[in-house]
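Structure file data23.cif; described as mmCIF, C-alpha atoms.
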```cif
data_data
loop_
_atom_site.label_atom_id
_atom_site.label_comp_id
_atom_site.auth_asym_id
_atom_site.auth_seq_id
_atom_site.Cartn_x
_atom_site.Cartn_y
_atom_site.Cartn_z
CA MET A 6 -7.48 -22.64 -3.41
CA THR A 7 -9.12 -25.39 -1.48
CA ALA A 8 -10.69 -25.14 1.92
CA VAL A 9 -7.62 -26.74 3.51
CA ASN A 10 -5.54 -23.58 3.10
CA PHE A 11 -6.17 -22.17 6.55
CA GLY A 12 -2.63 -20.90 6.94
CA LEU A 13 -2.59 -18.56 3.97
CA LEU A 14 -5.48 -16.31 4.96
CA LEU A 15 -4.67 -16.42 8.67
CA GLY A 16 -1.06 -15.67 7.85
CA LEU A 17 -2.06 -12.79 5.59
CA VAL A 18 -4.09 -11.21 8.40
CA LEU A 19 -1.30 -11.83 10.92
CA LEU A 20 1.34 -10.35 8.65
CA ALA A 21 -0.80 -7.30 7.85
CA ALA A 22 -1.28 -6.66 11.58
CA CYS A 23 2.47 -7.10 12.04
CA MET A 24 3.17 -4.57 9.29
CA ILE A 25 0.77 -2.01 10.78
CA ALA A 26 2.37 -2.39 14.21
CA VAL A 27 5.88 -2.06 12.77
CA ALA A 28 4.88 1.02 10.74
CA TYR A 29 3.47 2.60 13.90
CA ARG A 30 6.73 1.73 15.63
CA MET A 31 8.67 3.36 12.81
CA ILE A 32 6.69 6.58 13.18
CA ALA A 33 6.63 6.72 16.97
CA ALA A 34 10.24 5.73 17.69
CA ASP A 35 12.58 7.97 19.64
CA THR A 36 15.85 7.71 17.77
CA ASP A 37 16.90 7.28 14.15
CA ALA A 38 18.39 3.86 14.84
CA ASP A 39 15.02 2.58 16.06
CA ARG A 40 13.42 3.87 12.89
CA ALA A 41 16.01 2.08 10.76
CA VAL A 42 15.41 -1.19 12.62
CA ALA A 43 11.65 -0.89 12.16
CA ALA A 44 12.06 -0.06 8.47
CA ASP A 45 14.25 -3.15 8.05
CA LEU A 46 11.59 -5.41 9.56
CA LEU A 47 8.94 -3.65 7.44
CA MET A 48 10.87 -4.49 4.27
CA PHE A 49 11.19 -8.16 5.24
CA SER A 50 7.53 -8.47 6.14
CA PHE A 51 6.76 -6.92 2.76
CA THR A 52 8.73 -9.77 1.18
CA GLY A 53 6.69 -12.26 3.20
CA ILE A 54 3.37 -10.68 2.23
CA LEU A 55 4.51 -10.69 -1.41
CA ALA A 56 5.08 -14.46 -1.18
CA LEU A 57 1.66 -15.06 0.39
CA LEU A 58 -0.16 -12.85 -2.11
CA GLY A 59 1.68 -14.51 -4.99
CA VAL A 60 0.53 -17.98 -4.02
CA ILE A 61 -3.03 -16.81 -3.32
CA LEU A 62 -3.35 -15.00 -6.65
CA ALA A 63 -1.42 -17.86 -8.40
CA GLY A 64 0.68 -15.58 -10.55
CA ALA A 65 3.11 -17.00 -13.07
CA PHE A 66 6.29 -15.20 -12.01
CA PHE A 67 5.85 -14.67 -8.32
CA PHE A 68 8.96 -16.64 -7.37
CA ASP A 69 11.02 -14.27 -9.48
CA LEU A 70 9.37 -11.37 -7.66
CA ILE A 71 10.30 -12.88 -4.29
CA LEU A 72 13.88 -13.33 -5.49
CA VAL A 73 14.10 -9.68 -6.54
CA ALA A 74 12.47 -8.53 -3.30
CA SER A 75 14.94 -10.46 -1.13
CA VAL A 76 17.92 -8.96 -2.96
CA VAL A 77 16.43 -5.45 -2.76
CA GLY A 78 15.78 -6.06 0.95
CA PHE A 79 19.48 -6.59 1.49
CA LEU A 80 20.25 -3.42 -0.46
CA SER A 81 17.74 -1.45 1.59
CA ALA A 82 19.27 -2.69 4.84
CA VAL A 83 22.76 -1.67 3.78
CA SER A 84 21.64 1.72 2.51
CA LEU A 85 19.67 2.34 5.72
CA ALA A 86 22.83 1.62 7.66
CA ARG A 87 24.70 4.00 5.38
CA ALA A 88 22.10 6.73 5.76
CA LEU A 89 22.10 6.32 9.53
CA THR A 90 25.74 7.37 9.74
CA ARG A 91 25.14 10.17 7.18
CA GLY A 92 27.34 8.55 4.57
CA ARG A 93 30.36 7.96 6.81
CA ARG A 94 31.45 4.35 7.08
CA MET B 20 -4.35 -37.38 -0.95
CA ASP B 21 -0.75 -36.59 -1.59
CA THR B 22 -1.47 -32.96 -2.36
CA ALA B 23 -3.59 -32.68 0.78
CA ILE B 24 -0.62 -33.72 2.94
CA LEU B 25 1.58 -31.29 1.01
CA ASP B 26 -0.93 -28.46 1.50
CA ILE B 27 -1.32 -29.08 5.22
CA SER B 28 2.43 -29.20 5.81
CA ALA B 29 2.83 -26.04 3.70
CA ASN B 30 0.25 -24.23 5.84
CA VAL B 31 1.93 -25.35 9.05
CA ILE B 32 5.36 -24.21 7.82
CA ILE B 33 3.96 -20.83 6.74
CA LEU B 34 2.31 -20.37 10.13
CA VAL B 35 5.56 -21.21 11.95
CA GLY B 36 7.38 -18.62 9.83
CA LEU B 37 4.75 -16.01 10.56
CA LEU B 38 5.05 -16.84 14.26
CA VAL B 39 8.71 -15.81 13.98
CA PHE B 40 7.58 -12.55 12.35
CA ALA B 41 5.03 -11.87 15.07
CA VAL B 42 7.59 -12.53 17.80
CA ALA B 43 9.98 -10.11 16.11
CA ALA B 44 7.29 -7.43 15.90
CA ILE B 45 6.44 -7.92 19.58
CA GLY B 46 10.13 -7.78 20.43
CA LEU B 47 10.41 -4.47 18.58
CA PHE B 48 7.98 -3.05 21.14
CA LYS B 49 9.10 -4.88 24.25
CA PHE B 50 12.88 -4.65 24.03
CA ARG B 51 14.43 -1.51 25.48
CA ASP B 52 17.50 -1.30 23.30
CA VAL B 53 18.46 -0.89 19.65
CA TYR B 54 20.85 -3.84 19.73
CA THR B 55 18.36 -6.34 21.15
CA ARG B 56 15.73 -5.07 18.70
CA ILE B 57 18.00 -5.56 15.73
CA SER B 58 18.77 -9.10 16.91
CA ALA B 59 15.03 -9.89 16.87
CA VAL B 60 14.74 -8.40 13.36
CA GLY B 61 17.71 -10.44 12.14
CA THR B 62 16.11 -13.67 13.33
CA ALA B 63 12.87 -12.81 11.54
CA ALA B 64 14.69 -11.85 8.36
CA GLY B 65 16.68 -15.06 8.13
CA LEU B 66 14.47 -17.76 9.59
CA GLY B 67 11.01 -16.25 9.05
CA ILE B 68 11.45 -15.44 5.36
CA SER B 69 13.05 -18.84 4.72
CA LEU B 70 10.20 -20.72 6.39
CA VAL B 71 7.51 -18.71 4.60
CA ILE B 72 9.13 -19.25 1.21
CA VAL B 73 9.61 -23.00 1.80
CA GLY B 74 5.91 -23.21 2.67
CA VAL B 75 4.96 -21.22 -0.43
CA PHE B 76 7.11 -23.56 -2.54
CA LEU B 77 5.27 -26.59 -1.14
CA MET B 78 2.03 -25.06 -2.43
CA ALA B 79 3.38 -24.58 -5.97
CA PRO B 80 6.06 -27.27 -6.40
CA SER B 81 7.99 -27.45 -9.66
CA TRP B 82 11.64 -27.74 -10.69
CA PRO B 83 12.20 -24.07 -11.70
CA ASN B 84 10.60 -22.99 -8.45
CA PHE B 85 12.92 -25.36 -6.59
CA ILE B 86 16.00 -23.73 -8.14
CA LYS B 87 14.68 -20.29 -7.26
CA LEU B 88 13.86 -21.52 -3.75
CA LEU B 89 17.45 -22.64 -3.25
CA ILE B 90 18.79 -19.29 -4.49
CA ILE B 91 16.36 -17.29 -2.32
CA VAL B 92 17.06 -19.24 0.86
CA PHE B 93 20.82 -19.10 0.35
CA LEU B 94 20.78 -15.36 -0.40
CA GLN B 95 18.43 -14.62 2.48
CA LEU B 96 20.42 -16.54 5.06
CA ALA B 97 23.67 -15.01 3.82
CA THR B 98 22.57 -11.40 3.49
CA SER B 99 20.19 -10.92 6.42
CA SER B 100 23.04 -11.27 8.90
CA ILE B 101 25.15 -8.79 6.90
CA GLY B 102 22.35 -6.21 6.83
CA THR B 103 21.67 -6.74 10.52
CA MET B 104 25.31 -6.25 11.41
CA ALA B 105 25.55 -3.15 9.19
CA ILE B 106 22.58 -1.51 10.91
CA ALA B 107 23.84 -2.46 14.37
CA ARG B 108 27.29 -1.11 13.54
CA SER B 109 25.93 2.21 12.31
CA ALA B 110 23.70 2.41 15.37
CA TYR B 111 26.83 2.04 17.47
CA LEU B 112 28.64 4.66 15.41
CA THR B 113 25.83 7.18 15.88
CA GLY B 114 26.06 6.71 19.64
CA SER B 115 23.09 4.56 20.66
CA THR B 116 23.48 3.44 24.23
CA MET B 117 22.68 0.07 25.69
CA GLN B 118 19.66 0.54 27.87
CA PRO B 119 20.50 -1.37 31.08
CA GLY B 120 23.90 0.31 30.90
CA TYR B 121 26.61 -2.30 30.89
CA PHE B 122 30.26 -1.73 30.10
CA ASP B 123 31.17 -0.63 26.58
CA HIS B 124 33.94 -3.06 25.78
CA LEU B 125 34.23 -1.86 22.19
CA ALA B 126 35.02 1.71 23.26
CA GLU B 127 37.64 0.44 25.74
CA ASP B 128 39.28 -1.62 23.00
CA GLN B 129 39.32 1.30 20.60
CA THR B 130 40.84 3.76 23.07
CA ASP B 131 43.55 1.18 23.79
CA ARG B 132 44.29 0.81 20.11
CA SER B 133 44.37 4.54 19.35
CA GLU B 134 46.86 5.07 22.16
CA THR B 135 49.25 2.50 20.78
CA ALA B 136 48.83 2.78 17.01
CA GLN B 137 47.72 5.12 14.27
CA PRO B 138 43.93 4.95 14.00
CA ASP B 139 42.25 4.17 10.72
CA HIS B 140 41.04 6.95 8.50
CA ASP B 141 37.70 5.21 8.30
CA VAL B 142 36.98 5.01 12.02
CA ALA B 143 37.24 8.53 13.37
CA LEU B 144 34.83 8.35 16.25
CA ASP B 145 33.75 10.79 18.87
CA HIS B 146 36.18 9.55 21.47
CA ASP B 147 39.00 10.12 18.99
CA VAL B 148 38.01 13.78 19.00
CA SER B 149 37.92 13.82 22.78
CA LEU B 150 41.34 12.17 22.82
CA ALA B 151 42.68 14.87 20.52
CA ASP B 152 41.59 17.53 22.98
CA GLU B 153 44.26 16.64 25.53
CA PRO B 154 47.66 17.56 24.02
CA ASP B 155 49.79 14.67 25.29
CA ASP B 156 52.46 13.87 22.76
CA ALA B 157 52.96 13.06 19.09
CA THR B 158 50.06 10.57 18.96
CA ALA B 159 47.57 13.29 19.85
CA ALA B 160 48.85 15.37 16.95
CA ALA B 161 48.54 12.38 14.64
CA VAL B 162 44.95 11.80 15.77
CA ASP B 163 44.27 15.49 15.20
CA ASP B 164 45.52 15.14 11.63
CA THR B 165 43.26 12.16 11.12
CA VAL B 166 40.20 14.01 12.36
CA ARG B 167 40.96 17.00 10.16
CA ASP B 168 41.36 14.68 7.16
CA VAL B 169 37.97 13.16 7.69
CA ARG B 170 36.18 16.47 8.14
#
```
Translate the structure described by the file into structure tokens.
Amino acid sequence: MTAVNFGLLLGLVLLAACMIAVAYRMIAADTDADRAVAADLLMFSFTGILALLGVILAGAFFFDLILVASVVGFLSAVSLARALTRGRR
Amino acid sequence: MDTAILDISANVIILVGLLVFAVAAIGLFKFRDVYTRISAVGTAAGLGISLVIVGVFLMAPSWPNFIKLLIIVFLQLATSSIGTMAIARSAYLTGSTMQPGYFDHLAEDQTDRSETAQPDHDVALDHDVSLADEPDDATAAAVDDTVRDVR
């Protein structure tokens, strides 16, 4: 990584702060729906931090990992919605 | 020289995507309502993830990565809206209220429909139960059957 990559490290710090704030929001929310919304954003920011860490560490298969994480993020959103209504559709 | 331009544009695109994420996280704190919060999360999930992954691709450009980039961006833009709508719909079904307190047009539509037609077995809501409490006519009995089926 050259010295020109200012965005990666700054973005990593920004995204980590975002994840901590969202996790606090998920703990301190009032209702279950707020917790589900915060957990959804936490899953997507995990996908983003996976992309940034993959390009910093220069792994071989990190694009495959991002692909799997985006599909699993959709599954987690749908199952959170399903768990919010206690299994009723 | 060429890679320097590519790197700088990749950094700028990643920072724009993370700006979307930060705005969504701030909106999660500042909005007063589940529905406005889930709209902020849906924007971050679609646009933010797509921008970050396009920027990451510009740092490691190759043809297999380009194919995966196309698949990821298509899947993300298609599925983030579905997940957002699923969570918002279940938030409505569990009775989250809008915070400034406007009219609930969806509940008005559904009470109109359950007065005129047989309600679905899938959507037995709380106001269906309240409608079954008043013994009007044959439709109330039908709604009562539906509620008993679901339970």
- Task: Could you please select, counting only C-alpha atoms, the residues of chain B within 8 Å of chain A and state them as a VMD selection string?
- Result: chain B and resid 23 26 to 27 30 to 31 33 to 34 37 40 to 41 44 47 to 48 53 56 to 57 60 63 to 64 68 71 to 72 75 78 to 79 84 87 to 88 90 to 91 94 to 95 98 to 99 102 to 103 105 to 110 112 to 113 115 141 to 142
- Query: What gap, in Å, lies between CA of Tyr29 in chain A and CA of Ile101 in chain B?
  - Reply: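 Distance between the two atoms: 25.5 Å.
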- Item | Interatomic distance, CA of Thr22 in chain B to CA of Leu38 in chain B (Å, one decimal) |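 CA of Leu38 in chain B lies at a distance of 24.1 Å from CA of Thr22 in chain B.
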- Task: State, in Å with one decimal place, the distance from CA of Ser100 in chain B to CA of Val77 in chain A.
- Result: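 We find that CA of Ser100 in chain B and CA of Val77 in chain A lie 14.6 Å from each other.
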